[in-house]
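S.K.: First the structure, then my questions, so here it is.
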Amino acid sequence: MTEAMAQKPAMPDERAVAALREREGSPWTGIWSVILKEMADHLSSTRIFILEVLILLAALGTVYVASQNIQQTTAEDQFLYLRLFTTAQQPLPAFVGLLAFFIPLVAIALVFDAINGEFSRRTMSRILAQPIYRDALLMGKFLAALFTLALVCTAIWLLIFGLGILRLGVAPGGEEVGRGLLFLVATIFYGGIWLALGLVFSVVFRQSATAALASIAVWLFFTVFWGMIAGVAAQTLSPIRIGLPDEFLAQANMELALSRFSPNTLYAETMVALLRPEIRSLGILLPTQLEGAILGAPLPLSQSLLLVWPQMTGLVAASILLFALGYVLFQRQEIRA
Amino acid sequence: MVDSVIQTKDLTKKYGEFVAVDGLNLEVQAGEVFGLLGPNGAGKTTTILMILGLTEPTAGSVRVLGLDPARQPLSVKSRVGYLPDQVGFYDELTARENLTYIARLNGIPDSQIDRRVDEALARVGLEKVAYKRAGTFSRGMRQRLGLADVLVKQPQLIIMDEPTSGLDPEASHEFLEMILDLKKEGITILLSSHLLYQVQAVCDRVGLFSQGKMVLEGTVENLAQRVLGGAYRVLVDVESVQPEIAQALEKIPGVAHVQVTDTKKYQVEAAHDIRPEAAQAVISAGGRLLGLGVQAQSLDDIYTAYFQGGSI
């Protein structure tokens, strides 16, 4: 009798502890339904259509001009197709320059109302009352935007290669295609950072307009001000006291390190190293280090990849960190619509 | 135990210092329509969110169909339909597309989705506008679409938060009819409202909420008995109001209260039907009886009496 009474209250506790450890089912239940629905929304939305047309026009314009420029030198250049991306001719900038500008905009436009839009349309509680976890909704929205971005980028990439074949009359080489593909991947992950950032703001701010403005403010900060701030900060952090060459070198390195906190710098460096095989270093090169080097000789793809590996991992890591932040914030949010 | 669809035990939810739900013990049986009543901010929506597992309780436990919504949310949410207050849809999608998305989220096989969606839409009378965008729908149509949305998953329990708020009288009447139809099919329904006459029209039992607590629970008649002391209100229409008649009426056994209304009628509250005794009393007091009527107690009276009169 006493034994039974002593054991009885322990039973539900054990069960409760066991239940606390695990939740049933996969957190990704229903994620494909979310991805497909969100992608369908993105691809049919006017907002994205306008941006797609803009990018397409920019791509066609710059690449057409570049190809005209290159046509004269087809016989001499080994990497004609990469020149299509990087050749600028006044007044038009190179296509990659425009891309670095457009990708964040498209990414922000894709997600700035991802979460708060569900709240303001009052669909959030209805969706979360379905048998899915919040994980699936957030991840689904992120992946849908990433896939949409990848789709748009890939389409444009293919168009440029197609245009190249038509205008240049030479087939692209294996290494060119390889470099181009890596560049495409880097571009998509660069977009991933801005997607994750936009998603964080769409969780934090209940107004879509505020979220969009906040994302654009961050983008402007990195595009316009971060370079200046890095310069000023480098002067303070590693000042030139006597004027030794070491001090100049330290300051330049400091400025470079600071500027690499900006995703724009990371992307720009990746882009340059991948699309211009003759680039052999992204930092400061001393004349002694160049001894014996044949200037202008291209690096093999594997070496260029090695050069930008830190930058590319940085891009991916930043996306993951930002997404994780958004994830934590979203999980803790109250669902009262 | 098997028959109880919702069971909460000392359920508590605090937002910082504010106690939204305070030690709630609620039990809803299979097949019944239970109404959560109370003023705004009494904790009805918070209770609903905890039942669905959308908000974690601070203390206490919930069981829905024998499952724990916090730990087995997928099983709970695939069996329970939720119609939120002022339900929202993706305005740029059609009614059909909206429901198809929900069907997919519920993991309904593709081969059945079309049939289930069409059935749900027909059920609420929206089959003609199935291909129209949800953005063009009126408030009443949206509410019906919300119900169709819940029916797609063929739930065992439906939870509705203020289902008729903002509907015109005709639309809300139609909606209540649909609720009664669902009840006939054996679906358990929990609904929250502050529109009392509607709750009275459809609910088997009601629970009265005030400041996070369920202060009263039972059938409407039961509550009337407890709050008003009498379940019957008899209206006595006489030619002229005289004090002797009132005195005679008050002497009838079972009468709790006699009052003269604006329209020169006596309003008598009693524990049972006292019409024969009232007629006799009026005549023996020398009055001329014009009419006798009995009025069932409305939830409105209970509500007013409770919140004005304080506790029981």
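Letters A, B, ... mark the chains of the structure tokens in the order given; residue numbers begin at 1 per chain; ligand numbers begin at 1, in order shown.
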Counting only C-alpha atoms, a student should be able to say which residues of chain A come within 8 Å of chain B; what is the right answer, written as a list of chain:residue names?
M.R.: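 Filtering chain A at 8 Å from chain B with only C-alpha atoms gives A:Ala19, A:Leu20, A:Glu22, A:Arg23, A:Glu24, A:Gly25, A:Gly30, A:Ser33, A:Val34, A:Lys37, A:Arg121, A:Arg122, A:Thr123, A:Ser125, A:Arg126, A:Ile127, A:Leu128, A:Ala129, A:Gln130, A:Pro131, A:Ile132, A:Tyr133, A:Glu334, A:Ile335.
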S.K.: Contacts of B:Ile159 at 6 Å or less, counting only C-alpha atoms, minus same-chain residues fewer than 5 places along, as a ChimeraX atom specification?
M.R.: /B:82,189-191
S.K.: Contacts of stretch 90-98 of chain A at 12 Å or less, counting only C-alpha atoms, minus same-chain residues fewer than 6 places along, as a PyMOL selection string?
M.R.: chain A and resi 54-67+69+82-84+104-105+153+156-157+160+180+183-184+186-187+223+264+267-272+274-276
S.K.: Which is closer to A:Pro245 than all the others in A:Leu286, A:Leu137, A:Leu258, A:Ile108, using only C-alpha atoms?
M.R.: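 Of the candidates, the smallest distance to A:Pro245 is held by A:Leu286.
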S.K.: Report as an MDAnalysis selection string all protein, DNA and RNA residues lying within 10 Å of A:Leu295, evaluated on only C-alpha atoms, omitting residues in the same chain fewer than 4 positions from it.
M.R.: chainID A and resid 278:280 290:291
S.K.: Keeping only all heavy atoms, write the selected residues as a compact mmCIF listing (two decimals), in the first residue's frame.
M.R.:
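To be explicit, this is the file written out as selection08.txt:
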# COMPACT_ATOMS: atom_id res chain seq x y z
N GLU A 278 44.21 36.17 -63.78
CA GLU A 278 45.55 36.71 -63.57
C GLU A 278 45.74 37.29 -62.17
O GLU A 278 46.84 37.61 -61.76
CB GLU A 278 45.90 37.75 -64.64
CG GLU A 278 45.06 39.01 -64.66
CD GLU A 278 43.78 38.85 -65.49
OE1 GLU A 278 43.40 37.70 -65.78
OE2 GLU A 278 43.17 39.87 -65.83
N ILE A 279 44.65 37.44 -61.41
CA ILE A 279 44.76 37.95 -60.04
C ILE A 279 45.38 36.88 -59.17
O ILE A 279 44.87 35.76 -59.10
CB ILE A 279 43.37 38.33 -59.49
CG1 ILE A 279 42.75 39.46 -60.31
CG2 ILE A 279 43.45 38.70 -58.02
CD1 ILE A 279 43.31 40.81 -60.06
N ARG A 280 46.49 37.22 -58.49
CA ARG A 280 47.15 36.18 -57.70
C ARG A 280 47.07 36.43 -56.20
O ARG A 280 47.45 35.58 -55.39
CB ARG A 280 48.59 35.98 -58.11
CG ARG A 280 49.20 37.10 -58.92
CD ARG A 280 50.55 36.71 -59.43
NE ARG A 280 50.48 35.87 -60.62
CZ ARG A 280 51.19 34.77 -60.77
NH1 ARG A 280 51.94 34.36 -59.80
NH2 ARG A 280 51.10 34.09 -61.88
N LEU A 290 56.76 39.13 -55.40
CA LEU A 290 56.49 38.94 -56.82
C LEU A 290 57.72 38.50 -57.60
O LEU A 290 57.66 38.34 -58.82
CB LEU A 290 55.93 40.24 -57.42
CG LEU A 290 54.46 40.52 -57.12
CD1 LEU A 290 54.09 41.89 -57.62
CD2 LEU A 290 53.58 39.44 -57.73
N GLU A 291 58.80 38.32 -56.90
CA GLU A 291 60.04 37.94 -57.57
C GLU A 291 59.86 36.63 -58.32
O GLU A 291 59.39 35.64 -57.76
CB GLU A 291 61.16 37.79 -56.55
CG GLU A 291 62.32 38.75 -56.80
CD GLU A 291 63.40 38.58 -55.75
OE1 GLU A 291 63.80 37.43 -55.51
OE2 GLU A 291 63.80 39.61 -55.18
S.K.: In Å to one decimal, how far is atom CA of A:Phe49 from atom CA of A:Phe119?
M.R.: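 Here the two named atoms are 24.4 Å from each other.
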S.K.: Would you return as a ChimeraX atom specification the members of stretch 73-108 of chain B that DSSP assigns to strand (DSSP E) on this structure's backbone?
M.R.: /B:80-83
S.K.: Between atom CA of B:Glu162 and atom CA of B:His194, measure the distance and give it in Å to one decimal.
M.R.: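 Those two atoms sit 7.5 Å apart.
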S.K.: Residues near stretch 20-26 of chain B, anyone? I mean within 12 Å using only C-alpha atoms, not counting same-chain ones fewer than 3 positions away, as an MDAnalysis selection string.
M.R.: chainID B and resid 4:17 29 34:36 40:51 55:64 190 205:218
S.K.: Need the shell around A:Ala109: protein/DNA/RNA residues with any atom at most 10 Å away, counting only C-alpha atoms. Skip same-chain ones fewer than 3 positions apart. Format as JSON, numbers by chain?
M.R.: {"A": [42, 47, 48, 51, 103, 104, 105, 106, 112, 113, 114, 145, 194, 195, 198, 212, 215, 216]}
S.K.: Among stretch 185-233 of chain B, which ones does DSSP assign to alpha helix (DSSP H) (computed from the backbone)? Answer as a list in words.
M.R.: Leu196, Tyr197, Gln198, Val199, Gln200, Ala201, Val202, Val220, Glu221, Asn222, Leu223, Ala224, Gln225, Arg226, Val227 and Leu228 of chain B
S.K.: Write a file of the selected residues as a compact mmCIF listing (two decimals), in the first residue's frame, keeping all heavy atoms.
M.R.:
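Dumped to result14.txt:
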# COMPACT_ATOMS: atom_id res chain seq x y z
N LEU B 196 -23.82 37.06 -26.67
CA LEU B 196 -24.42 36.06 -25.82
C LEU B 196 -25.56 35.30 -26.44
O LEU B 196 -25.65 34.08 -26.32
CB LEU B 196 -24.90 36.74 -24.53
CG LEU B 196 -23.77 37.50 -23.86
CD1 LEU B 196 -24.32 38.40 -22.80
CD2 LEU B 196 -22.79 36.52 -23.27
N TYR B 197 -26.43 36.00 -27.16
CA TYR B 197 -27.61 35.30 -27.66
C TYR B 197 -27.22 34.21 -28.65
O TYR B 197 -27.86 33.18 -28.75
CB TYR B 197 -28.61 36.29 -28.27
CG TYR B 197 -28.18 36.87 -29.56
CD1 TYR B 197 -28.62 36.32 -30.77
CD2 TYR B 197 -27.34 37.98 -29.61
CE1 TYR B 197 -28.20 36.86 -31.97
CE2 TYR B 197 -26.93 38.50 -30.79
CZ TYR B 197 -27.36 37.94 -31.98
OH TYR B 197 -26.95 38.47 -33.16
N GLN B 198 -26.08 34.45 -29.34
CA GLN B 198 -25.62 33.44 -30.29
C GLN B 198 -25.07 32.21 -29.57
O GLN B 198 -25.31 31.09 -29.97
CB GLN B 198 -24.52 34.03 -31.18
CG GLN B 198 -25.06 35.11 -32.07
CD GLN B 198 -23.98 35.69 -32.94
OE1 GLN B 198 -22.81 35.37 -32.77
NE2 GLN B 198 -24.38 36.54 -33.85
N VAL B 199 -24.36 32.48 -28.52
CA VAL B 199 -23.81 31.37 -27.74
C VAL B 199 -24.96 30.53 -27.20
O VAL B 199 -24.96 29.30 -27.25
CB VAL B 199 -22.95 31.91 -26.58
CG1 VAL B 199 -22.52 30.79 -25.67
CG2 VAL B 199 -21.75 32.64 -27.13
N GLN B 200 -25.98 31.25 -26.72
CA GLN B 200 -27.13 30.55 -26.17
C GLN B 200 -27.81 29.69 -27.23
O GLN B 200 -28.29 28.60 -26.95
CB GLN B 200 -28.12 31.57 -25.62
CG GLN B 200 -29.21 30.93 -24.82
CD GLN B 200 -30.07 31.96 -24.14
OE1 GLN B 200 -29.99 33.15 -24.44
NE2 GLN B 200 -30.90 31.52 -23.22
N ALA B 201 -27.81 30.19 -28.48
CA ALA B 201 -28.51 29.48 -29.54
C ALA B 201 -27.83 28.17 -29.91
O ALA B 201 -28.49 27.23 -30.34
CB ALA B 201 -28.61 30.38 -30.78
N VAL B 202 -26.52 28.08 -29.79
CA VAL B 202 -25.85 26.87 -30.26
C VAL B 202 -25.16 26.03 -29.19
O VAL B 202 -24.89 24.86 -29.41
CB VAL B 202 -24.80 27.18 -31.36
CG1 VAL B 202 -25.48 27.75 -32.59
CG2 VAL B 202 -23.72 28.12 -30.86
N VAL B 220 -27.10 26.71 -19.85
CA VAL B 220 -27.68 28.04 -19.68
C VAL B 220 -28.71 28.06 -18.55
O VAL B 220 -28.71 28.94 -17.69
CB VAL B 220 -28.29 28.54 -21.00
CG1 VAL B 220 -29.01 29.85 -20.80
CG2 VAL B 220 -27.20 28.68 -22.05
N GLU B 221 -29.57 27.02 -18.50
CA GLU B 221 -30.62 26.97 -17.45
C GLU B 221 -29.98 26.87 -16.06
O GLU B 221 -30.41 27.54 -15.12
CB GLU B 221 -31.54 25.77 -17.65
CG GLU B 221 -32.39 25.81 -18.89
CD GLU B 221 -31.65 25.28 -20.11
OE1 GLU B 221 -31.10 24.17 -20.03
OE2 GLU B 221 -31.57 25.99 -21.12
N ASN B 222 -28.97 26.03 -16.03
CA ASN B 222 -28.24 25.82 -14.80
C ASN B 222 -27.66 27.14 -14.27
O ASN B 222 -27.79 27.48 -13.09
CB ASN B 222 -27.12 24.84 -15.15
CG ASN B 222 -26.45 24.28 -13.93
OD1 ASN B 222 -26.29 24.99 -12.95
ND2 ASN B 222 -26.04 23.02 -13.99
N LEU B 223 -27.05 27.89 -15.17
CA LEU B 223 -26.45 29.16 -14.76
C LEU B 223 -27.52 30.13 -14.31
O LEU B 223 -27.36 30.84 -13.32
CB LEU B 223 -25.67 29.77 -15.92
CG LEU B 223 -24.40 29.05 -16.35
CD1 LEU B 223 -23.65 29.91 -17.35
CD2 LEU B 223 -23.51 28.76 -15.17
N ALA B 224 -28.66 30.14 -15.02
CA ALA B 224 -29.74 31.05 -14.68
C ALA B 224 -30.21 30.78 -13.26
O ALA B 224 -30.41 31.69 -12.46
CB ALA B 224 -30.89 30.88 -15.66
N GLN B 225 -30.32 29.50 -12.97
CA GLN B 225 -30.76 29.11 -11.65
C GLN B 225 -29.78 29.64 -10.58
O GLN B 225 -30.18 30.18 -9.57
CB GLN B 225 -30.78 27.58 -11.59
CG GLN B 225 -31.39 27.02 -10.33
CD GLN B 225 -32.86 26.69 -10.58
OE1 GLN B 225 -33.20 26.16 -11.63
NE2 GLN B 225 -33.71 27.03 -9.64
N ARG B 226 -28.50 29.51 -10.90
CA ARG B 226 -27.51 29.88 -9.89
C ARG B 226 -27.31 31.38 -9.78
O ARG B 226 -27.16 31.92 -8.69
CB ARG B 226 -26.16 29.21 -10.21
CG ARG B 226 -26.14 27.77 -9.74
CD ARG B 226 -25.18 26.93 -10.52
NE ARG B 226 -23.80 27.32 -10.33
CZ ARG B 226 -22.80 26.88 -11.08
NH1 ARG B 226 -23.05 26.05 -12.06
NH2 ARG B 226 -21.58 27.26 -10.85
N VAL B 227 -27.31 32.06 -10.90
CA VAL B 227 -27.01 33.50 -10.85
C VAL B 227 -28.25 34.32 -10.51
O VAL B 227 -28.21 35.23 -9.69
CB VAL B 227 -26.42 33.97 -12.19
CG1 VAL B 227 -26.18 35.47 -12.16
CG2 VAL B 227 -25.14 33.24 -12.47
N LEU B 228 -29.37 33.97 -11.14
CA LEU B 228 -30.55 34.80 -10.96
C LEU B 228 -31.48 34.25 -9.89
O LEU B 228 -32.46 34.87 -9.53
CB LEU B 228 -31.31 34.92 -12.28
CG LEU B 228 -30.47 35.51 -13.42
CD1 LEU B 228 -31.19 35.35 -14.73
CD2 LEU B 228 -30.17 36.97 -13.14
S.K.: For B:Ile252, which residue among B:Ala270, B:Ala95, B:Ala285, B:Val294 is the nearest when counting only C-alpha atoms?
M.R.: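 Of the candidates, the smallest distance to B:Ile252 is held by B:Ala270.
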S.K.: For atom CA of B:Gln295 and atom CA of B:Arg233, quote the distance in Å rounded to one decimal.
M.R.: 5.1 Å
